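Student: Contents of input-v1.txt (compact mmCIF, C-alpha atoms) are below:
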# COMPACT_ATOMS: atom_id res chain seq x y z
CA ALA A 1 125.45 142.20 109.33
CA VAL A 2 127.63 139.11 109.52
CA GLY A 3 130.56 138.08 107.38
CA ASP A 4 130.07 135.00 105.22
CA GLY A 5 133.68 133.90 105.49
CA ALA A 6 134.57 135.35 102.10
CA GLY A 7 134.42 139.08 102.59
CA ARG A 8 130.72 139.63 101.91
CA ARG A 9 128.40 141.18 104.46
CA VAL A 10 125.10 139.35 104.84
CA PRO A 11 122.17 140.77 106.85
CA ARG A 12 121.17 139.02 110.03
CA LEU A 13 117.59 138.92 111.17
CA GLY A 14 115.95 140.62 114.07
CA ARG A 15 118.94 142.57 115.35
CA VAL A 16 118.38 145.05 118.15
CA SER A 17 120.42 148.20 118.46
CA SER A 18 121.34 147.64 122.10
CA PRO A 19 120.28 145.76 125.22
CA ALA A 20 118.27 148.85 126.10
CA ALA A 21 116.23 148.39 122.94
CA THR A 22 115.20 144.97 124.19
CA ARG A 23 114.31 146.37 127.60
CA ARG A 24 112.09 148.97 125.96
CA ARG A 25 109.70 146.26 124.81
CA THR A 26 106.39 146.94 126.55
CA GLY A 27 104.25 144.31 128.23
CA PRO A 28 105.04 140.69 129.06
CA SER A 29 106.89 138.56 126.52
CA ARG A 30 105.29 135.70 124.63
CA HIS A 31 107.31 133.38 126.87
CA GLU A 32 105.93 135.07 129.97
CA ARG A 33 102.29 135.09 128.90
CA GLY A 34 102.09 131.95 126.78
CA CYS A 35 100.58 132.16 123.31
CA VAL A 36 97.83 130.81 121.11
CA VAL A 37 98.85 127.45 119.68
CA LYS A 38 98.23 126.79 115.99
CA LEU A 39 97.92 123.37 114.38
CA GLY A 40 100.10 122.14 111.58
CA LEU A 41 99.46 118.98 109.55
CA HIS A 42 102.74 117.21 108.82
CA TYR A 43 102.09 114.80 105.96
CA TRP A 44 104.79 112.14 106.21
CA THR A 45 103.44 109.05 104.46
CA TYR A 46 101.76 108.32 101.14
CA THR A 47 101.06 104.64 101.89
CA THR A 48 97.36 104.94 102.81
CA PRO A 49 95.46 104.15 100.68
CA PRO A 50 97.90 101.69 99.04
CA GLU A 51 96.97 102.40 95.42
CA PRO A 52 99.40 104.94 93.86
CA GLU A 53 96.63 106.31 91.66
CA LEU A 54 94.80 107.47 94.80
CA ILE A 55 97.73 109.38 96.31
CA GLY A 56 96.83 112.66 94.61
CA SER A 57 93.14 112.66 95.42
CA THR A 58 93.78 111.61 99.03
CA LEU A 59 96.39 114.32 99.47
CA ALA A 60 94.01 116.93 98.05
CA ARG A 61 91.14 115.84 100.28
CA ALA A 62 93.28 115.73 103.42
CA ALA A 63 94.67 119.20 102.74
CA GLY A 64 91.23 120.60 102.07
CA VAL A 65 89.76 119.08 105.24
CA ALA A 66 92.71 120.37 107.26
CA GLU A 67 92.33 123.91 105.96
CA SER A 68 88.58 124.03 106.51
CA GLY A 69 89.07 122.44 109.93
CA GLY A 70 91.38 125.12 111.29
CA PHE A 71 94.89 123.89 110.54
CA ALA A 72 97.28 126.81 110.02
CA SER A 73 100.07 125.05 108.14
CA PHE A 74 100.72 122.06 105.90
CA THR A 75 104.17 120.51 105.72
CA VAL A 76 105.83 117.52 104.08
CA MET A 77 109.16 115.77 104.57
CA ASP A 78 112.15 116.29 102.32
CA HIS A 79 112.85 112.61 101.77
CA PHE A 80 113.05 110.45 98.67
CA PHE A 81 113.10 107.12 100.55
CA GLN A 82 110.81 106.58 103.51
CA MET A 83 112.65 106.79 106.83
CA GLU A 84 113.79 103.33 107.92
CA ALA A 85 113.14 104.17 111.56
CA VAL A 86 109.39 104.33 110.94
CA ALA A 87 108.71 102.12 107.92
CA GLY A 88 110.29 100.39 104.95
CA ALA A 89 112.54 102.56 102.80
CA ASP A 90 110.65 101.35 99.72
CA GLU A 91 107.30 102.78 100.86
CA PRO A 92 105.87 105.46 98.52
CA MET A 93 107.50 108.88 98.86
CA LEU A 94 106.99 112.04 96.79
CA GLU A 95 109.33 114.93 96.08
CA ALA A 96 108.54 117.67 98.56
CA TYR A 97 108.25 120.87 96.55
CA THR A 98 106.31 119.31 93.69
CA THR A 99 103.89 118.02 96.33
CA LEU A 100 103.54 121.46 97.91
CA GLY A 101 102.87 123.01 94.51
CA PHE A 102 100.01 120.55 94.09
CA VAL A 103 98.66 121.36 97.56
CA ALA A 104 98.95 125.09 96.83
CA GLY A 105 96.46 124.64 94.01
CA LYS A 106 94.00 122.89 96.34
CA THR A 107 94.11 125.34 99.26
CA GLN A 108 93.81 129.06 99.93
CA ARG A 109 95.00 129.86 103.44
CA MET A 110 97.45 127.43 105.02
CA THR A 111 101.17 128.19 105.18
CA LEU A 112 103.08 125.67 103.07
CA GLY A 113 106.55 124.37 103.81
CA VAL A 114 108.97 121.49 104.04
CA LEU A 115 109.79 120.16 107.50
CA VAL A 116 112.61 120.45 106.74
CA THR A 117 114.52 120.88 103.48
CA GLY A 118 117.76 118.90 103.48
CA VAL A 119 120.56 121.30 102.72
CA MET A 120 122.43 118.82 100.50
CA TYR A 121 119.53 118.13 98.16
CA ARG A 122 119.38 121.37 96.18
CA TYR A 123 121.80 124.09 95.10
CA PRO A 124 121.03 127.14 97.26
CA GLY A 125 120.21 129.50 94.42
CA LEU A 126 117.80 126.98 92.94
CA LEU A 127 116.27 126.37 96.36
CA ALA A 128 115.61 130.10 96.77
CA LYS A 129 113.99 130.12 93.33
CA THR A 130 111.91 127.04 94.16
CA VAL A 131 110.56 128.56 97.38
CA THR A 132 109.92 131.83 95.55
CA THR A 133 107.91 129.95 92.91
CA LEU A 134 105.85 128.24 95.61
CA ASP A 135 105.27 131.59 97.30
CA VAL A 136 104.15 133.34 94.11
CA LEU A 137 101.84 130.55 92.99
CA SER A 138 100.31 130.08 96.47
CA GLY A 139 99.60 133.77 96.95
CA GLY A 140 102.38 134.38 99.49
CA ARG A 141 102.04 131.28 101.67
CA ALA A 142 105.50 129.70 101.44
CA ARG A 143 107.82 129.11 104.38
CA LEU A 144 111.40 127.90 104.00
CA GLY A 145 112.07 125.14 106.49
CA ILE A 146 115.66 123.95 106.33
CA GLY A 147 118.08 121.70 108.20
CA ALA A 148 121.43 120.01 107.87
CA SER A 149 120.10 116.72 106.32
CA TRP A 150 121.04 113.31 107.67
CA TYR A 151 119.57 110.33 105.76
CA GLU A 152 122.67 108.87 104.12
CA ARG A 153 120.97 105.87 102.55
CA GLU A 154 118.86 108.01 100.24
CA GLN A 155 121.77 110.33 99.56
CA ARG A 156 124.09 107.51 98.54
CA GLY A 157 121.29 105.74 96.72
CA LEU A 158 120.44 108.75 94.56
CA GLY A 159 123.93 110.13 94.12
CA VAL A 160 123.69 113.09 96.52
CA PRO A 161 127.11 114.02 97.93
CA VAL A 162 127.65 112.82 101.50
CA VAL A 163 129.88 115.24 103.39
CA PRO A 164 130.98 115.45 107.03
CA MET A 165 128.59 116.98 109.54
CA ALA A 166 130.72 120.09 110.05
CA GLU A 167 130.60 120.80 106.32
CA ARG A 168 126.83 120.28 106.22
CA PHE A 169 126.42 123.03 108.79
CA GLU A 170 128.75 125.32 106.86
CA ARG A 171 126.65 124.70 103.77
CA LEU A 172 123.48 125.29 105.77
CA GLU A 173 124.69 128.71 106.86
CA GLU A 174 125.75 129.69 103.36
CA THR A 175 122.44 128.46 101.94
CA VAL A 176 120.47 130.65 104.34
CA GLN A 177 122.70 133.61 103.47
CA ILE A 178 122.13 133.04 99.75
CA CYS A 179 118.35 132.82 100.21
CA LEU A 180 118.39 136.06 102.21
CA GLN A 181 120.38 137.78 99.50
CA MET A 182 118.13 136.49 96.72
CA TRP A 183 115.11 137.76 98.66
CA SER A 184 116.66 141.22 99.01
CA GLU A 185 117.42 144.04 96.60
CA ASP A 186 121.00 142.77 96.19
CA ASN A 187 121.35 140.96 92.85
CA GLY A 188 125.13 140.86 93.04
CA PRO A 189 127.51 137.94 93.41
CA PHE A 190 127.93 135.70 96.42
CA GLN A 191 131.32 134.25 97.26
CA GLY A 192 131.32 131.61 99.96
CA ARG A 193 133.53 128.72 100.88
CA HIS A 194 131.21 126.12 99.34
CA TYR A 195 129.03 128.13 96.96
CA GLN A 196 129.87 130.85 94.47
CA LEU A 197 127.09 132.64 92.58
CA ALA A 198 127.92 135.12 89.84
CA GLU A 199 124.59 136.90 90.39
CA THR A 200 121.58 136.43 92.64
CA LEU A 201 118.86 137.63 90.32
CA ASN A 202 115.41 136.42 91.41
CA SER A 203 112.44 137.65 89.41
CA PRO A 204 109.65 137.73 90.32
CA ALA A 205 110.31 138.37 93.95
CA PRO A 206 108.28 136.48 96.57
CA LEU A 207 104.85 137.90 97.35
CA ARG A 208 105.34 137.41 101.08
CA ARG A 209 106.69 140.58 102.69
CA PRO A 210 109.37 141.21 103.54
CA ARG A 211 110.13 137.65 102.31
CA PRO A 212 109.18 134.05 103.08
CA PRO A 213 109.93 133.25 106.73
CA ILE A 214 112.87 130.98 107.45
CA MET A 215 112.47 128.08 109.87
CA ILE A 216 115.60 126.19 110.90
CA GLY A 217 114.78 122.76 112.24
CA GLY A 218 116.77 120.49 114.51
CA ASN A 219 117.52 119.82 118.15
CA GLY A 220 121.27 120.48 118.12
CA GLU A 221 122.28 123.01 120.76
CA LYS A 222 125.73 124.12 119.61
CA LYS A 223 125.27 124.63 115.88
CA THR A 224 121.58 124.47 114.95
CA LEU A 225 120.34 126.79 117.69
CA ARG A 226 123.19 129.20 117.07
CA LEU A 227 122.07 129.45 113.44
CA VAL A 228 118.48 129.93 114.60
CA ALA A 229 119.56 132.85 116.76
CA ARG A 230 121.59 134.34 113.94
CA TYR A 231 119.20 133.98 111.01
CA ALA A 232 115.84 132.29 111.57
CA ASP A 233 112.33 133.59 111.97
CA ALA A 234 111.29 130.28 113.52
CA CYS A 235 112.73 127.12 115.02
CA ASN A 236 111.38 123.60 115.09
CA PHE A 237 112.11 120.82 117.57
CA PHE A 238 111.25 117.23 116.79
CA GLY A 239 109.70 115.04 119.44
CA VAL A 240 111.04 116.74 122.57
CA SER A 241 109.30 116.59 125.93
CA VAL A 242 108.20 119.73 127.70
CA ASP A 243 111.26 119.60 129.96
CA GLU A 244 113.56 119.06 126.98
CA ALA A 245 111.90 121.94 125.14
CA ARG A 246 112.35 124.21 128.15
CA HIS A 247 116.06 123.41 128.16
CA LYS A 248 116.39 123.93 124.41
CA PHE A 249 114.70 127.32 124.68
CA ASP A 250 117.08 128.31 127.46
CA VAL A 251 119.99 127.41 125.18
CA LEU A 252 118.41 129.38 122.33
CA ARG A 253 117.97 132.37 124.61
CA SER A 254 121.68 132.30 125.46
CA HIS A 255 122.58 132.17 121.76
CA CYS A 256 120.24 135.11 121.14
CA GLU A 257 121.98 137.12 123.84
CA ALA A 258 125.35 136.37 122.24
CA GLU A 259 124.05 137.38 118.80
CA GLY A 260 122.22 140.51 119.98
CA ARG A 261 118.92 138.97 118.86
CA ASP A 262 115.50 139.43 120.44
CA TYR A 263 114.61 135.93 121.63
CA ASP A 264 110.89 136.69 121.52
CA SER A 265 111.06 137.55 117.82
CA ILE A 266 111.67 133.87 116.99
CA GLU A 267 108.58 131.68 116.56
CA LYS A 268 108.81 128.39 118.44
CA THR A 269 107.28 125.26 116.91
CA ILE A 270 107.23 121.60 117.93
CA ALA A 271 106.70 118.45 115.85
CA MET A 272 104.69 116.38 118.30
CA GLN A 273 105.32 112.67 118.73
CA VAL A 274 102.14 112.16 120.76
CA HIS A 275 99.28 111.23 118.47
CA PRO A 276 96.44 113.60 119.36
CA LEU A 277 93.63 111.11 118.81
CA ASP A 278 95.06 108.47 121.14
CA ASP A 279 94.42 110.63 124.20
CA PRO A 280 93.08 114.09 123.35
CA ASP A 281 93.19 115.27 126.96
CA ALA A 282 96.86 114.33 127.34
CA PHE A 283 97.69 115.91 124.01
CA LEU A 284 95.96 119.15 124.90
CA ALA A 285 97.59 119.23 128.33
CA ALA A 286 101.01 118.90 126.68
CA ALA A 287 100.12 121.61 124.16
CA GLN A 288 99.17 123.92 127.00
CA GLU A 289 102.53 123.31 128.69
CA TYR A 290 104.33 124.03 125.42
CA ALA A 291 102.28 127.20 125.02
CA ALA A 292 103.47 128.36 128.43
CA LEU A 293 107.01 128.07 127.06
CA GLY A 294 106.11 130.26 124.07
CA VAL A 295 105.39 127.56 121.49
CA SER A 296 102.96 128.91 118.89
CA GLU A 297 102.58 125.91 116.56
CA VAL A 298 102.47 122.15 117.02
CA GLN A 299 102.62 119.82 114.04
CA VAL A 300 100.78 116.51 114.14
CA THR A 301 101.23 113.49 111.88
CA PRO A 302 98.51 111.16 110.59
CA ASP A 303 98.45 107.74 112.25
CA ARG A 304 95.56 106.44 110.11
CA HIS A 305 93.92 107.33 106.81
CA PRO A 306 94.99 110.97 106.39
CA VAL A 307 91.51 112.25 105.52
CA GLU A 308 90.00 110.55 108.55
CA PHE A 309 92.84 111.87 110.69
CA ALA A 310 92.33 115.46 109.51
CA GLU A 311 88.58 115.19 110.04
CA GLN A 312 88.92 113.80 113.56
CA VAL A 313 91.56 116.32 114.63
CA ALA A 314 89.48 119.16 113.21
CA GLU A 315 86.45 117.95 115.15
CA ARG A 316 87.97 116.78 118.43
CA ILE A 317 91.21 118.75 118.87
CA ALA A 318 91.19 122.04 116.94
CA PRO A 319 88.30 123.74 118.82
CA ARG A 320 89.82 122.92 122.21
CA LEU A 321 93.33 123.88 121.11
CA ALA A 322 92.03 127.28 120.02
CA GLU A 323 91.07 127.97 123.64
CA ILE A 324 94.66 127.57 124.86
CA GLY A 325 96.74 130.70 125.32
Please rewrite the model in this file as structure tokens.
Tutor:
Amino acid sequence: AVGDGAGRRVPRLGRVSSPAATRRRTGPSRHERGCVVKLGLHYWTYTTPPEPELIGSTLARAAGVAESGGFASFTVMDHFFQMEAVAGADEPMLEAYTTLGFVAGKTQRMTLGVLVTGVMYRYPGLLAKTVTTLDVLSGGRARLGIGASWYEREQRGLGVPVVPMAERFERLEETVQICLQMWSEDNGPFQGRHYQLAETLNSPAPLRRPRPPIMIGGNGEKKTLRLVARYADACNFFGVSVDEARHKFDVLRSHCEAEGRDYDSIEKTIAMQVHPLDDPDAFLAAAQEYAALGVSEVQVTPDRHPVEFAEQVAERIAPRLAEIG
């Protein structure tokens, strides 16, 4: 367990009893043998087609094609304005968890999550309840993806508090602790520096056992990867090369050693910046290199009509990706 800074003891994830316990693992690690790489569809734009009345039907069709075509996960961004780095801020954007609830009703198998939830956008107790609701209504398919948040224009525009980076990471840690407590048998209070909850009652509990997995996203080596080692079931890097990913994983391994955490118990995922349909061979070669590092999921983003994109990736990429590992 780890202290939360206010006297409470909060469970960490994946602890091992001693270095010997890690050595007792039999067989080669996932890092040593590579692993099967799953596909994730990261749905980041609602601009195509341009008519707002077609957003829902297009989203439903794309999700359905992705699921039938072998995609393992479906994610959306946690933004309210489109990112200025990729398009105009006034492009259409939907609230993430409402969108995932809609997709849950149109699919049966894919894991559903936000890549990644901005920690400043929701009170932690309500976030835990929101993810629980998604998990219950999707039949146990929710994943909590979370990060420190960064897009100040939308925060200032919509009245979300803008706090210094150090405080965002403090809030991120407390938020993860609160979610863990709400997904446990402990319904008692939580007293943190930034959040105080009189009780952490959460009924019904998530269907996923032992609870929805937690993915912490971000490339930061000092704070983000330390929190991954301490709490997360999965990490996510955005747009890093194979060499950069190798370095990040080395840093994560060192944090795991400091935390007494089994490095191989953490799922490694990458949000790819290479569009798979531009050069399928190059994309698959990169995926194979990531797999050799232990990456088990790569997320791809539509660069054309999302239904066409999902169809083409399912036809041209998914069967070949399934052979990697």
Student: Can you measure atom CA of Thr133 of chain A to atom CA of Trp44 of chain A for me? One decimal in Å is fine.
Tutor: 22.4 Å
Student: With all atoms listed in the file as the atoms that count, which of A:Gly157, A:Ala60, A:Gln82, A:Ile216 lies nearest to Thr117 of chain A?
Tutor: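 Closest residue, counting all atoms listed in the file: A:Ile216.
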Student: Please report, as a Markdown table, each residue of segment 171-255 of chain A lying at most 10 Å from segment 136-139 of chain A, together with the nearest pair of atoms and the separation in Å rounded to one decimal; use only C-alpha atoms, and order rows by chain and ascending residue number.
Tutor:
| residue | atom | partner | partner_atom | distance |
| --- | --- | --- | --- | --- |
| A:Pro204 | CA | A:Val136 | CA | 8.0 |
| A:Ala205 | CA | A:Val136 | CA | 8.0 |
| A:Pro206 | CA | A:Val136 | CA | 5.7 |
| A:Leu207 | CA | A:Val136 | CA | 5.6 |
| A:Arg208 | CA | A:Gly139 | CA | 8.0 |
Student: Can you pull out the residues contacting Arg141 of chain A? Cut-off 8 Å, using all atoms listed in the file, and skip same-chain residues under 4 positions away; I want them as a PyMOL selection string.
Tutor: chain A and resi 109-112+134-135+208+212
Student: Name all residues at most 9 Å from segment 86-96 of chain A (count all atoms listed in the file; drop same-chain ones fewer than 5 positions away) and give them as a PyMOL selection string.
Tutor: chain A and resi 44-47+50+52+75-81+101+113-114+117+154
Student: Can you pull out every residue within 10 Å of Val160 of chain A, counting all atoms listed in the file, but drop anything in the same chain fewer than 4 positions away, and send it as an NGL selection string?
Tutor: :A and (120-122 or 152-156)
Student: With all atoms listed in the file as the counted atoms, please give the residues lying no more than 7 Å from segment 170-182 of chain A, apart from itself and same-chain residues fewer than 2 positions off, as a ChimeraX atom specification.
Tutor: /A:10,119,124-125,128,147-148,166-168,184,186-187,192,194,200-202
Student: Give me, please, the distance in Å between atom CA of Pro213 of chain A and atom CA of Ser254 of chain A, quoted to one decimal.
Tutor: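 Calculated distance between atom CA of Pro213 of chain A and atom CA of Ser254 of chain A is 22.1 Å.
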Student: Could you please determine the separation between atom CA of Arg226 of chain A and atom CA of Met272 of chain A in Å, to one decimal place?
Tutor: 22.5 Å
Student: Residues within 9 Å of Val251 of chain A, please, as a PDB file with C-alpha atoms, keeping the file's coordinate frame. Count all atoms listed in the file; anything in the same chain fewer than 3 positions from it doesn't count.
Tutor:
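Written file, selection_37.pdb:
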ATOM      1  CA  GLU A 221     122.280 123.010 120.760  1.00  0.00           C
ATOM      2  CA  LYS A 222     125.730 124.120 119.610  1.00  0.00           C
ATOM      3  CA  LEU A 225     120.340 126.790 117.690  1.00  0.00           C
ATOM      4  CA  ARG A 226     123.190 129.200 117.070  1.00  0.00           C
ATOM      5  CA  ARG A 246     112.350 124.210 128.150  1.00  0.00           C
ATOM      6  CA  HIS A 247     116.060 123.410 128.160  1.00  0.00           C
ATOM      7  CA  LYS A 248     116.390 123.930 124.410  1.00  0.00           C
ATOM      8  CA  SER A 254     121.680 132.300 125.460  1.00  0.00           C
ATOM      9  CA  HIS A 255     122.580 132.170 121.760  1.00  0.00           C
ATOM     10  CA  CYS A 256     120.240 135.110 121.140  1.00  0.00           C
TER      11      CYS A 256
END
Student: Which residue, A:Pro164, A:Gly140, A:Gly64, A:Gly70, has the smallest gap to Leu321 of chain A when you use all atoms listed in the file?
Tutor: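 Counting all atoms listed in the file, the residue closest to Leu321 of chain A is A:Gly70.
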Student: Up to 6 Å from (91.1, 126.5, 103.4) in the file's coordinates: name the residues, counting all atoms listed in the file, as a ChimeraX atom specification.
Tutor: /A:67-68,107-109
